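Below is one structure, written out as structure tokens; comments come after it.
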There are 2 protein chains.
Amino acid sequence: MSAEQPPLIAAIEAGGTKFVCAVASGPSSILEETTIATTNPKDTMHAVLRFFSGAKAKHGPFSAIGVGSFGPVDLDPASKTFGYITTTPKQGWQHTDIVGPLKTQFKVPVGFDTDVNAAVFGEYMWGAGQGCDPLVYITVGTGIGGGVIVNGHLLHGLLHPEIGHLHVPAPAGEGALSKECQCPFHKSCMEGYACGPSIMKRWGRKADALPADHPAWEEVGEVLAHGLVNLILTISPRRIILGGGVMHQTHLLPLIRSKVRGILNGYLQLPEITRNLETYIVSPGLGDRSGILGALALGQGVHRLKSKTGAHRG
Amino acid sequence: MSAEQPPLIAAIEAGGTKFVCAVASGPSSILEETTIATTNPKDTMHAVLRFFSGAKAKHGPFSAIGVGSFGPVDLDPASKTFGYITTTPKQGWQHTDIVGPLKTQFKVPVGFDTDVNAAVFGEYMWGAGQGCDPLVYITVGTGIGGGVIVNGHLLHGLLHPEIGHLHVPAPAGEGALSKECQCPFHKSCMEGYACGPSIMKRWGRKADALPADHPAWEEVGEVLAHGLVNLILTISPRRIILGGGVMHQTHLLPLIRSKVRGILNGYLQLPEITRNLETYIVSPGLGDRSGILGALALGQGVHRLKSKTGAHRG
């Protein structure tokens, strides 16, 4: 393959419901794509490998593979279980090796990260986060998760961000069935108040069955705004992107912005906060494609890294 | 000066009470040091410049200057007020140019950052944070502030971290004079519950006059632990360092560790949290020298940067 031709990448968005698999040489050059149900690790991974084998036969070998996965995942390259989904509550998927079978079959570098880190990377490269560093992406859906970019790199530390469990002041509203949050671990965390299943448990109705003027939304908006305020005061991002199923309620984003401004209460005198929250807290630029395109970006990233390392050998 | 000789650095820890000024070629090679009261900008800066002029005459020219300053400060190199203390509540010090007079007089590069970013840098280089990246340093004293290192760099974004104002669940205890926090901006932030003046306002007595079994400490410990939990779930640091006057109450650190473990409640299955909190949440390795040695590290950093840039010109 000539240096000018963009490398062919295999990309996987590994979700708890479905695996999206694509072969692409860029965000607008997707050669083939499929969706595979997340059943059990054996069947799902078998279908994934079969899809990519077929794609390789048709389109030629991949230069790298990128995977954004549901988790928690092991991202420590020094660990024996690097590339595994670890202690997930998803039945049957505990301690599942994702990277291993891909490496064995295709013998190319694999870029592996959390689903939300993939999404923030996708948005940073091609979506609403272009030119914004630090950047935060949060998904509010079946759970709440977040990915973070700092200085052009995905944030990893002891683990990866677990933003969904940020602890926040208990919401002021009185209508919910319980004052404490619904998280099995915590009493007052963001996910326990504001993810889809928590909304259902707290208010007795599904999020998309609650009218826009239902008091549940005041609570959800307040909780998410407190979480965002904490991220603003810690990471100091240049933009925050809010995705996920719960955010499909279009009245929620303006409510969150207004509550963020109210909670900060003039403390940060920055035009992004005091005047331009509409361009500071935004929807994903890639819609529901942040994850799969982020996986593509992860594959491109690990390919670039390997190419550089190769060049240094000479 | 030969390449082997470590560069001479002028370091300033610019605090709300005093400016510590030192001339040094390393953390254990301090040639001269003085303390100047923080009165008004004119007198204080005049005394600072006079000290360094004298030191230069004795020890030779500096290669760079490092400043860790109370704030908020403007760290945006593109800004017209870069190097200024901006909207500080400290009377007379609003919109004070700190970097300008130093550059004008000594014509060397100035590394400028917040006092807490300087402290985290000092601890990272020579203290309790060596080899720990990401690293968080928090001071709990007259206010609460924090500095963060990610991938070897101090964390900046839209602004710098303002960790003191992280929003946390209201403390469960009932003995305080008020349920809401004491922050003039916020209803439930860490500083408003747990800095020295807030403790005084909430409990009617100064922190060091409260016995170790006073209920105030349960509250302070709980609030700080919630803040730490939020930092762990966001930055995922490899170590957290807790300094400042309030932390001189030696019973507080073990209490915070125990509450962090309790609040996380097994959610993060990491040995650092489940077993080794004693080496994960620690006191500063440099005692009360984190700030001035951090300023030295900032000076060394900007010197290295300028040397590299110089080398690239050839």
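Ordering of the structure tokens sets the chain letters (A, B, ...); residue numbers start at 1 within each chain; ligands are numbered from 1 in the order shown.
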At most 6 Å to chain A: residues in chain B, only C-alpha atoms, as a PDB file with N, CA, C and O atoms, in the first residue's frame:
```pdb
ATOM      1  N   PRO B 134      -1.684  10.302  36.475  1.00  0.00           N
ATOM      2  CA  PRO B 134      -2.034  11.622  36.978  1.00  0.00           C
ATOM      3  C   PRO B 134      -1.807  11.762  38.480  1.00  0.00           C
ATOM      4  O   PRO B 134      -1.805  10.765  39.211  1.00  0.00           O
ATOM      5  N   GLY B 157      -7.200  24.376  31.071  1.00  0.00           N
ATOM      6  CA  GLY B 157      -8.206  24.230  30.040  1.00  0.00           C
ATOM      7  C   GLY B 157      -8.711  25.620  29.756  1.00  0.00           C
ATOM      8  O   GLY B 157      -7.936  26.536  29.503  1.00  0.00           O
ATOM      9  N   LEU B 158     -10.022  25.740  29.817  1.00  0.00           N
ATOM     10  CA  LEU B 158     -10.634  27.050  29.722  1.00  0.00           C
ATOM     11  C   LEU B 158     -10.009  27.961  30.768  1.00  0.00           C
ATOM     12  O   LEU B 158      -9.775  29.138  30.547  1.00  0.00           O
ATOM     13  N   LEU B 159      -9.760  27.405  31.946  1.00  0.00           N
ATOM     14  CA  LEU B 159      -9.113  28.104  33.055  1.00  0.00           C
ATOM     15  C   LEU B 159      -8.174  27.066  33.685  1.00  0.00           C
ATOM     16  O   LEU B 159      -7.570  26.286  32.973  1.00  0.00           O
ATOM     17  N   PRO B 161      -7.939  24.184  37.191  1.00  0.00           N
ATOM     18  CA  PRO B 161      -8.883  23.530  38.107  1.00  0.00           C
ATOM     19  C   PRO B 161      -9.287  24.486  39.241  1.00  0.00           C
ATOM     20  O   PRO B 161      -8.480  25.279  39.707  1.00  0.00           O
ATOM     21  N   GLU B 162     -10.534  24.406  39.637  1.00  0.00           N
ATOM     22  CA  GLU B 162     -11.065  25.182  40.776  1.00  0.00           C
ATOM     23  C   GLU B 162     -11.740  24.181  41.712  1.00  0.00           C
ATOM     24  O   GLU B 162     -12.916  24.296  42.048  1.00  0.00           O
ATOM     25  N   ILE B 163     -10.928  23.219  42.133  1.00  0.00           N
ATOM     26  CA  ILE B 163     -11.410  22.048  42.854  1.00  0.00           C
ATOM     27  C   ILE B 163     -12.124  22.388  44.156  1.00  0.00           C
ATOM     28  O   ILE B 163     -13.012  21.657  44.604  1.00  0.00           O
ATOM     29  N   LEU B 166     -15.952  22.153  44.059  1.00  0.00           N
ATOM     30  CA  LEU B 166     -16.669  20.928  43.703  1.00  0.00           C
ATOM     31  C   LEU B 166     -17.930  20.834  44.544  1.00  0.00           C
ATOM     32  O   LEU B 166     -17.894  21.038  45.757  1.00  0.00           O
ATOM     33  N   VAL B 168     -20.840  18.835  46.402  1.00  0.00           N
ATOM     34  CA  VAL B 168     -20.906  17.535  47.083  1.00  0.00           C
ATOM     35  C   VAL B 168     -22.250  17.396  47.788  1.00  0.00           C
ATOM     36  O   VAL B 168     -22.919  18.407  48.054  1.00  0.00           O
ATOM     37  N   PRO B 169     -22.657  16.152  48.083  1.00  0.00           N
ATOM     38  CA  PRO B 169     -23.884  15.979  48.867  1.00  0.00           C
ATOM     39  C   PRO B 169     -23.761  16.717  50.205  1.00  0.00           C
ATOM     40  O   PRO B 169     -22.674  16.752  50.787  1.00  0.00           O
ATOM     41  N   PHE B 185     -20.959  32.015  46.819  1.00  0.00           N
ATOM     42  CA  PHE B 185     -21.506  31.690  45.501  1.00  0.00           C
ATOM     43  C   PHE B 185     -22.428  30.469  45.522  1.00  0.00           C
ATOM     44  O   PHE B 185     -23.376  30.404  44.761  1.00  0.00           O
ATOM     45  N   ASN B 230     -15.026  12.242  43.856  1.00  0.00           N
ATOM     46  CA  ASN B 230     -15.311  12.822  42.543  1.00  0.00           C
ATOM     47  C   ASN B 230     -14.044  12.979  41.708  1.00  0.00           C
ATOM     48  O   ASN B 230     -14.062  12.777  40.493  1.00  0.00           O
ATOM     49  N   LEU B 233     -13.045   9.541  40.412  1.00  0.00           N
ATOM     50  CA  LEU B 233     -13.923   9.077  39.330  1.00  0.00           C
ATOM     51  C   LEU B 233     -13.758   9.906  38.052  1.00  0.00           C
ATOM     52  O   LEU B 233     -14.313   9.564  37.012  1.00  0.00           O
ATOM     53  N   THR B 234     -13.029  11.009  38.124  1.00  0.00           N
ATOM     54  CA  THR B 234     -12.846  11.856  36.948  1.00  0.00           C
ATOM     55  C   THR B 234     -11.416  11.741  36.423  1.00  0.00           C
ATOM     56  O   THR B 234     -11.182  11.257  35.321  1.00  0.00           O
ATOM     57  N   SER B 236      -8.929   9.983  37.829  1.00  0.00           N
ATOM     58  CA  SER B 236      -8.341   8.666  38.093  1.00  0.00           C
ATOM     59  C   SER B 236      -6.853   8.786  38.456  1.00  0.00           C
ATOM     60  O   SER B 236      -5.998   8.113  37.867  1.00  0.00           O
ATOM     61  N   PRO B 237      -6.536   9.653  39.452  1.00  0.00           N
ATOM     62  CA  PRO B 237      -5.118   9.891  39.771  1.00  0.00           C
ATOM     63  C   PRO B 237      -4.442   8.654  40.344  1.00  0.00           C
ATOM     64  O   PRO B 237      -5.113   7.756  40.878  1.00  0.00           O
ATOM     65  N   ARG B 238      -3.127   8.612  40.253  1.00  0.00           N
ATOM     66  CA  ARG B 238      -2.359   7.514  40.856  1.00  0.00           C
ATOM     67  C   ARG B 238      -2.002   7.826  42.309  1.00  0.00           C
ATOM     68  O   ARG B 238      -1.565   6.946  43.040  1.00  0.00           O
ATOM     69  N   ASN B 265     -17.687   2.341  48.325  1.00  0.00           N
ATOM     70  CA  ASN B 265     -18.477   1.146  48.654  1.00  0.00           C
ATOM     71  C   ASN B 265     -18.212  -0.024  47.708  1.00  0.00           C
ATOM     72  O   ASN B 265     -19.141  -0.695  47.243  1.00  0.00           O
TER      73      ASN B 265
END
```
Fill in: Nearby residues (only C-alpha atoms) at most 6 Å from A:Gly111, same-chain spacing under 3 positions excluded, as a VMD selection string
chain A and resid 66 298 to 299 302
Within 7 Å of stretch 206-221 of chain A using only C-alpha atoms, minus same-chain residues under 4 positions, as JSON, numbers by chain: {"A": [171, 173, 193, 194, 196, 199, 200, 225, 246, 251, 252, 255, 256]}
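One finds atom CA of B:Ile36 at 20.0 Å from atom CA of B:His95.
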